[in-house]
Structures are given as C-alpha cells and as structure tokens.
file query-v6.csv (CSV, C-alpha atoms and all ligand atoms)
chain,number,residue,atom,x,y,z
A,15,MET,CA,-106.2,47.8,122.3
A,16,ILE,CA,-109.8,48.1,121.2
A,17,ASN,CA,-111.1,51.7,121.1
A,18,ARG,CA,-113.8,51.1,123.6
A,19,ARG,CA,-115.3,54.6,123.3
A,20,ALA,CA,-115.7,54.3,119.6
A,21,LEU,CA,-117.3,50.9,120.0
A,22,LEU,CA,-119.7,52.3,122.6
A,23,ARG,CA,-120.7,55.1,120.3
A,24,ALA,CA,-121.5,52.5,117.6
A,25,GLY,CA,-123.5,50.5,120.2
A,26,ILE,CA,-121.4,47.4,119.5
A,27,VAL,CA,-120.0,46.9,122.9
A,28,ALA,CA,-123.2,47.6,124.7
A,29,GLY,CA,-125.3,45.3,122.5
A,30,GLY,CA,-122.6,42.6,122.3
A,31,LEU,CA,-121.9,42.5,126.0
A,32,LEU,CA,-125.5,42.4,126.9
A,33,THR,CA,-126.2,39.3,124.9
A,34,GLY,CA,-122.7,37.7,124.8
A,35,ALA,CA,-122.3,34.5,126.8
A,36,ALA,CA,-118.8,35.4,127.8
A,37,ALA,CA,-119.8,38.9,129.0
A,38,SER,CA,-119.9,39.5,132.7
A,39,ALA,CA,-122.9,41.1,134.4
A,40,GLY,CA,-120.6,43.8,135.6
A,41,THR,CA,-119.2,44.8,132.3
A,42,ALA,CA,-122.6,44.8,130.8
A,43,VAL,CA,-123.9,47.2,133.4
A,44,PHE,CA,-120.9,49.5,132.8
A,45,ALA,CA,-121.4,49.3,129.1
A,46,ARG,CA,-125.0,50.3,129.4
A,47,THR,CA,-124.5,53.1,131.9
A,48,ALA,CA,-121.5,54.4,129.9
A,49,ARG,CA,-123.7,55.4,126.9
A,50,PRO,CA,-127.4,55.9,127.6
A,51,SER,CA,-129.1,55.4,124.2
A,52,ASN,CA,-131.9,57.9,124.7
A,53,GLY,CA,-129.8,60.8,125.9
A,54,THR,CA,-131.0,60.5,129.4
A,55,ALA,CA,-129.2,58.8,132.3
A,56,PRO,CA,-131.4,55.8,133.3
A,57,ASP,CA,-130.7,54.3,136.7
A,58,ARG,CA,-128.8,51.1,135.8
A,59,ARG,CA,-127.4,50.6,139.2
A,60,PRO,CA,-127.5,47.0,140.3
A,61,ALA,CA,-130.6,46.4,142.3
A,62,THR,CA,-129.3,43.8,144.7
A,63,PRO,CA,-126.3,43.4,147.0
A,64,ASP,CA,-125.3,40.2,145.2
A,65,GLN,CA,-125.4,41.9,141.8
A,66,ALA,CA,-123.2,44.7,143.2
A,67,TRP,CA,-120.7,42.2,144.6
A,68,ALA,CA,-120.7,40.4,141.2
A,69,ILE,CA,-119.7,43.6,139.5
A,70,LEU,CA,-116.9,44.2,142.0
A,71,ARG,CA,-115.6,40.6,141.7
A,72,GLU,CA,-115.6,40.8,137.9
A,73,GLY,CA,-113.7,44.2,138.0
A,74,ASN,CA,-111.2,42.7,140.4
A,75,ARG,CA,-110.7,39.7,138.1
A,76,ARG,CA,-109.9,42.1,135.2
A,77,TRP,CA,-107.4,43.9,137.6
A,78,VAL,CA,-105.7,40.6,138.5
A,79,ASP,CA,-105.6,39.5,134.9
A,80,ASP,CA,-104.2,42.8,133.7
A,81,THR,CA,-107.3,43.3,131.4
A,82,ALA,CA,-108.7,46.3,133.2
A,83,THR,CA,-111.1,48.4,131.0
A,84,HIS,CA,-111.0,51.5,133.2
A,85,PRO,CA,-114.8,52.1,132.9
A,86,HIS,CA,-116.4,55.4,133.6
A,87,GLN,CA,-113.2,57.4,133.5
A,88,ASP,CA,-113.9,59.8,130.6
A,89,ALA,CA,-115.5,63.2,130.1
A,90,ASP,CA,-118.8,61.6,129.0
A,91,ARG,CA,-119.1,59.9,132.4
A,92,ARG,CA,-118.1,63.1,134.2
A,93,ARG,CA,-121.0,64.9,132.5
A,94,GLU,CA,-123.4,62.0,133.1
A,95,VAL,CA,-122.9,62.1,136.9
A,96,ALA,CA,-122.3,65.9,137.2
A,97,GLN,CA,-125.8,66.5,138.7
A,98,LYS,CA,-126.5,63.3,140.5
A,99,GLN,CA,-124.6,60.3,141.8
A,100,ASN,CA,-125.8,56.8,142.4
A,101,PRO,CA,-122.9,54.6,143.4
A,102,PHE,CA,-123.6,50.8,143.7
A,103,ALA,CA,-121.3,50.1,146.6
A,104,VAL,CA,-119.5,51.5,149.6
A,105,VAL,CA,-115.9,50.3,149.9
A,106,PHE,CA,-114.2,50.9,153.2
A,107,SER,CA,-110.5,50.2,153.0
A,108,CYS,CA,-107.1,51.2,154.4
A,109,ILE,CA,-105.2,54.3,153.5
A,110,ASP,CA,-102.5,52.1,152.1
A,111,SER,CA,-101.3,53.6,148.7
A,112,ARG,CA,-101.3,50.1,147.2
A,113,VAL,CA,-105.0,49.5,147.8
A,114,PRO,CA,-107.0,52.1,145.9
A,115,PRO,CA,-110.6,50.7,145.5
A,116,GLU,CA,-111.4,52.2,142.1
A,117,LEU,CA,-108.3,50.6,140.6
A,118,ILE,CA,-108.5,47.1,142.2
A,119,PHE,CA,-112.2,46.8,141.4
A,120,ASP,CA,-111.7,48.4,137.9
A,121,THR,CA,-114.5,51.0,138.4
A,122,GLY,CA,-114.7,54.7,137.8
A,123,LEU,CA,-116.4,58.0,138.4
A,124,GLY,CA,-119.7,57.8,140.3
A,125,ASP,CA,-119.5,54.0,140.9
A,126,LEU,CA,-118.3,53.8,144.6
A,127,PHE,CA,-118.4,55.6,147.8
A,128,VAL,CA,-114.9,55.2,149.2
A,129,ILE,CA,-114.0,55.5,152.8
A,130,ARG,CA,-110.4,55.0,153.9
A,131,THR,CA,-108.8,55.0,157.3
A,132,ALA,CA,-105.6,53.3,158.6
A,133,ALA,CA,-106.4,49.6,158.9
A,134,GLN,CA,-110.0,50.5,158.1
A,135,THR,CA,-110.6,51.3,161.8
A,136,ILE,CA,-113.9,52.8,162.6
A,137,ASP,CA,-115.5,55.4,164.9
A,138,PRO,CA,-118.8,57.3,164.8
A,139,LEU,CA,-117.6,59.8,162.3
A,140,VAL,CA,-116.5,57.0,159.9
A,141,THR,CA,-119.7,55.1,160.6
A,142,GLY,CA,-121.7,58.1,159.6
A,143,ALA,CA,-119.8,58.3,156.3
A,144,ALA,CA,-120.6,54.6,155.7
A,145,GLU,CA,-124.2,55.1,156.5
A,146,TYR,CA,-124.7,57.8,153.9
A,147,GLY,CA,-125.0,55.7,150.8
A,148,PRO,CA,-127.2,52.9,152.1
A,149,ALA,CA,-129.5,55.1,154.2
A,150,GLU,CA,-129.9,58.1,151.9
A,151,ILE,CA,-129.8,56.7,148.4
A,152,GLY,CA,-130.2,52.9,148.9
A,153,THR,CA,-126.7,51.8,148.0
A,154,PRO,CA,-127.0,48.0,148.3
A,155,LEU,CA,-123.5,46.9,149.3
A,156,VAL,CA,-120.8,47.7,151.9
A,157,VAL,CA,-117.4,46.1,151.5
A,158,VAL,CA,-115.0,46.2,154.3
A,159,LEU,CA,-111.6,45.5,152.8
A,160,GLY,CA,-108.5,44.5,154.8
A,161,HIS,CA,-105.2,43.9,153.0
A,162,GLN,CA,-102.0,41.9,153.1
A,163,ARG,CA,-99.0,43.4,154.9
A,164,CYS,CA,-101.1,46.3,156.4
A,165,GLY,CA,-98.5,48.7,157.9
A,166,ALA,CA,-101.0,50.2,160.3
A,167,VAL,CA,-101.9,46.7,161.7
A,168,THR,CA,-98.1,45.8,161.9
A,169,ALA,CA,-97.3,49.0,163.8
A,170,ALA,CA,-100.2,48.5,166.1
A,171,ALA,CA,-99.2,44.9,166.8
A,172,LYS,CA,-95.6,46.1,167.6
A,173,SER,CA,-96.8,48.8,169.9
A,174,LEU,CA,-99.3,46.6,171.7
A,175,HIS,CA,-96.7,43.8,172.0
A,176,GLY,CA,-94.0,46.2,173.4
A,177,HIS,CA,-96.5,48.3,175.5
A,178,GLU,CA,-95.0,51.3,173.7
A,179,LYS,CA,-97.4,54.1,173.0
A,180,LEU,CA,-97.3,55.4,169.4
A,181,PRO,CA,-96.9,59.2,169.0
A,182,GLY,CA,-99.8,61.5,168.4
A,183,GLU,CA,-103.2,60.1,167.4
A,184,LEU,CA,-101.4,57.0,166.0
A,185,SER,CA,-102.0,55.5,169.4
A,186,THR,CA,-105.8,55.8,168.7
A,187,ILE,CA,-105.4,53.4,165.8
A,188,ALA,CA,-103.5,50.9,168.0
A,189,TYR,CA,-106.2,51.2,170.6
A,190,ALA,CA,-108.9,50.4,168.1
A,191,LEU,CA,-107.0,47.2,167.1
A,192,ARG,CA,-106.2,45.9,170.6
A,193,SER,CA,-109.0,43.3,170.6
A,194,ALA,CA,-108.0,41.9,167.2
A,195,TYR,CA,-104.4,41.8,168.5
A,196,THR,CA,-105.3,39.8,171.5
A,197,ARG,CA,-107.3,37.2,169.5
A,198,SER,CA,-104.7,36.9,166.8
A,199,GLY,CA,-102.0,35.9,169.2
A,200,GLY,CA,-99.8,38.6,167.6
A,201,ASP,CA,-99.9,37.1,164.1
A,202,VAL,CA,-100.3,40.2,161.9
A,203,ASP,CA,-102.1,38.5,159.0
A,204,LYS,CA,-104.6,36.9,161.3
A,205,MET,CA,-105.0,40.3,163.0
A,206,ILE,CA,-105.8,41.9,159.7
A,207,ARG,CA,-108.5,39.4,159.0
A,208,ILE,CA,-110.0,39.4,162.5
A,209,ASN,CA,-110.1,43.2,162.5
A,210,THR,CA,-111.8,43.2,159.1
A,211,VAL,CA,-114.5,40.8,160.3
A,212,ASP,CA,-114.9,42.9,163.5
A,213,VAL,CA,-115.6,46.0,161.5
A,214,VAL,CA,-118.1,44.1,159.4
A,215,ASN,CA,-119.9,42.8,162.5
A,216,GLN,CA,-119.9,46.3,164.0
A,217,LEU,CA,-121.5,47.7,160.8
A,218,ARG,CA,-124.0,44.9,160.6
A,219,ARG,CA,-125.3,45.9,164.0
A,220,ASP,CA,-125.6,49.6,163.0
A,221,LYS,CA,-129.1,51.0,163.6
A,222,LEU,CA,-129.5,52.2,160.1
A,223,PHE,CA,-128.1,49.1,158.5
A,224,ALA,CA,-129.7,46.3,160.5
A,225,PRO,CA,-133.2,46.8,159.3
A,226,ARG,CA,-132.1,47.1,155.7
A,227,ILE,CA,-130.0,43.9,156.0
A,228,ALA,CA,-133.0,42.1,157.4
A,229,LYS,CA,-135.0,43.1,154.4
A,230,GLY,CA,-132.3,41.9,152.0
A,231,GLU,CA,-131.8,45.4,150.7
A,232,LEU,CA,-128.2,45.7,152.0
A,233,LYS,CA,-125.3,43.4,152.6
A,234,VAL,CA,-122.2,44.2,154.6
A,235,ILE,CA,-119.4,41.9,153.6
A,236,GLY,CA,-115.7,41.6,154.5
A,237,ALA,CA,-112.9,40.9,152.1
A,238,TYR,CA,-109.1,40.6,152.0
A,239,TYR,CA,-106.8,42.1,149.3
A,240,SER,CA,-103.6,40.4,148.3
A,241,ILE,CA,-101.0,43.0,147.5
A,242,ASP,CA,-98.9,40.3,145.8
A,243,THR,CA,-101.6,39.0,143.4
A,244,GLY,CA,-104.2,41.8,143.3
A,245,THR,CA,-106.9,39.3,144.3
A,246,VAL,CA,-109.8,40.2,146.5
A,247,THR,CA,-111.0,37.2,148.6
A,248,ARG,CA,-114.3,37.3,150.5
A,249,LEU,CA,-113.9,36.6,154.2
A,250,VAL,CA,-117.5,37.0,155.5
A,301,ZN,ZN,-103.2,49.0,155.7

call {"tool": "encode", "arguments": {"input": "query-v6.csv", "output": "structure tokens", "more": "lines below"}}
Ligand SMILES: [Zn+2]
result
Amino acid sequence: MINRRALLRAGIVAGGLLTGAAASAGTAVFARTARPSNGTAPDRRPATPDQAWAILREGNRRWVDDTATHPHQDADRRREVAQKQNPFAVVFSCIDSRVPPELIFDTGLGDLFVIRTAAQTIDPLVTGAAEYGPAEIGTPLVVVLGHQRCGAVTAAAKSLHGHEKLPGELSTIAYALRSAYTRSGGDVDKMIRINTVDVVNQLRRDKLFAPRIAKGELKVIGAYYSIDTGTVTRLV
C-alpha cells in the first residue's frame, strides 16, 4: 500500500489528484484538506449540496471496491479540527452495527455530522440535531440512510402485524413506523424504503430547512445501503 501520509507531505498526492483526470472530486478535496500548504486550515468544504454528495458517492465506491483510503483519520487531522469543525454533510442513519456512516462513505474526523436512531426514526429532539449543521454552520447536505435487512423495521413490522406491543420504549419505534408499515403491505424492504423517504419529506418541510432548500443552499436526500454489497443507492 502507498504511504499516503508521506506522499501528502511531499505534496505529490495533493498536486496529482487535483490535476489527474482519474481523480475524483472527493479525494481531491480530502487531499487538499489533509495537508494545508500554508500552515493554516483553509475552508475547503464543498460549497454545494451536489459537490458534497459527489464526495460521499466517491467514498462509498471506494468502500464497495475495497479501496478505502481512510482519509482524515490521523493525528494531523485531529489537530487540524481541534478548535473548529466544518463537516460537509449530515448523515442520519440507523443504529445498526453494520452501517457506520464514516466507514461506508470512507470519511474521517470532522467530515460528517452523524445522527443514528433505530430505523432512522425521527422526533423533535432528533430533528434539532439534524438542524444544527445546516442552520448554524451552513452544512450543505443531509442524507437520510435506510438499509437492507433493518432489524428495527423488521421488529416493528412483526409487532404491528401481530398487534403485539414491544416492551419498553421499543414500542415508540414501532409506532413511528406504522404509516410505512401500512403502505408497504407488510413487505419489510419496501417499508424500509418508504420510511426513509418519509423522513426525507419530513425534514424537507422543516422550518429551518425549507428556505435553505429553496435557495439551493441545502439538499435533503434519501438513500439505501445494501449490507450485502456495501453500495449506497439514492432513493430520492
Ligand atoms: Zn436498521
């Protein structure tokens, strides 16, 4: 494996990727942010929602291909973001141990705001967490990420089908999924996708998000993660 840090120090990766035809926009941005040439930390965050999504897609392609570069996961980056963070996306996904956003998008420290709840269900507290980045520091992208074989959706579907209340606050999760359950006809994979789009639509109507979306400063998109292949596919 290439010693990426050494190459970055020499400026080879940063320069090469920025001009190389094969280089992705995402990797180029990471290469530039990884080693500021003038000793300061310029704001290289992608300016638009589409640029932010392109970086995530490219990182996911590396994850799928087993060519992940694990950017921004060293002490240099820790120091770089110690005083200030400027993540380029909010990823709102499930608690599932097989769906960690930083890994499946091949990102690192200071790159993403990550929110995780069972079946990415939402309430005012979670909405507030999602609002923070876009409203306070202009984060341009929110990705709601459902995933294959979601255990929370499966358990909710079973509970709703059998009219059996889940114990404790687990019943709250099933309650949040009841509309998706009805419209899916009980098909768990359909229910996962419907719920993901429902959460996207809910966030798009959010009072802090709607005006930013109208101005093109923010996009809220929905995607689906395949546990089998590692691929993230956009739904909406
Ligand atoms: Zn899940």

call {"tool": "closest_residue", "arguments": {"input": "query-v6.csv", "among": "A:Ala132, A:Leu155, A:Ala171, A:Ala224", "to": "ligand ZN 301 (chain A)", "atoms": "all atoms listed in the file"}}
result
A:Ala132

call {"tool": "residues_near_ligand", "arguments": {"input": "query-v6.csv", "ligand": "ligand ZN 301 (chain A)", "cutoff": "12 Å", "atoms": "only C-alpha atoms and all ligand atoms", "output": "PyMOL selection string"}}
result
chain A and resi 106-114+130-135+159-170+187+202-203+205-207+209-210+238-241

call {"tool": "residues_around", "arguments": {"input": "query-v6.csv", "residues": "stretch 87-89 of chain A", "least_positions_apart": "6", "cutoff": "9 Å", "atoms": "only C-alpha atoms", "output": "mmCIF file with C-alpha atoms, in the frame of the given file"}}
result
data_model
loop_
_atom_site.group_PDB
_atom_site.id
_atom_site.type_symbol
_atom_site.label_atom_id
_atom_site.label_comp_id
_atom_site.auth_asym_id
_atom_site.auth_seq_id
_atom_site.Cartn_x
_atom_site.Cartn_y
_atom_site.Cartn_z
ATOM 1 C CA THR A 121 -114.500 51.000 138.400
ATOM 2 C CA GLY A 122 -114.700 54.700 137.800
ATOM 3 C CA LEU A 123 -116.400 58.000 138.400
#

call {"tool": "residues_around", "arguments": {"input": "query-v6.csv", "residues": "A:Phe223", "least_positions_apart": "5", "cutoff": "8 Å", "atoms": "all atoms listed in the file", "output": "number ranges by chain"}}
result
A: 145, 148-149, 217-218, 232

call {"tool": "closest_residue", "arguments": {"input": "query-v6.csv", "among": "A:Gly124, A:Arg58, A:Ser198, A:Pro138", "to": "A:Asp90", "atoms": "all atoms listed in the file"}}
result
A:Gly124

call {"tool": "atom_distance", "arguments": {"input": "query-v6.csv", "atom1": "atom CA of A:Gly236", "atom2": "atom CA of A:Ala103"}}
result
12.9 Å

call {"tool": "atom_distance", "arguments": {"input": "query-v6.csv", "atom1": "atom CA of A:Ile208", "atom2": "atom CA of A:Ala194"}}
result
5.7 Å

call {"tool": "atom_distance", "arguments": {"input": "query-v6.csv", "atom1": "atom CA of A:Leu117", "atom2": "atom CA of A:Trp77"}}
result
7.4 Å

call {"tool": "closest_residue", "arguments": {"input": "query-v6.csv", "among": "A:Thr247, A:Phe119, A:Asp64, A:Tyr195", "to": "A:Ala82", "atoms": "only C-alpha atoms"}}
result
A:Phe119

call {"tool": "closest_residue", "arguments": {"input": "query-v6.csv", "among": "A:Arg75, A:Asp137, A:Asp125, A:Ser185", "to": "A:Arg92", "atoms": "only C-alpha atoms"}}
result
A:Asp125

call {"tool": "residues_around", "arguments": {"input": "query-v6.csv", "residues": "A:Tyr146", "least_positions_apart": "2", "cutoff": "12 Å", "atoms": "all atoms listed in the file", "output": "PyMOL selection string"}}
result
chain A and resi 100-101+103-104+126-129+139-144+148-156+222-223

call {"tool": "axis_aligned_box", "arguments": {"input": "query-v6.csv", "around": "stretch 74-82 of chain A", "padding_each_side": "4 Å", "output": "lines of an AutoDock Vina configuration file"}}
result
center_x = -107.7
center_y = 42.9
center_z = 135.9
size_x = 15.0
size_y = 14.8
size_z = 17.0

call {"tool": "residues_near_point", "arguments": {"input": "query-v6.csv", "point": "(-110.5, 43.4, 132.7)", "cutoff": "12 Å", "atoms": "all atoms listed in the file", "output": "PyMOL selection string"}}
result
chain A and resi 37-38+40-41+69-85+117-121

call {"tool": "closest_residue", "arguments": {"input": "query-v6.csv", "among": "A:Ala96, A:Leu180, A:Val105, A:Val211", "to": "A:Ser193", "atoms": "only C-alpha atoms"}}
result
A:Val211
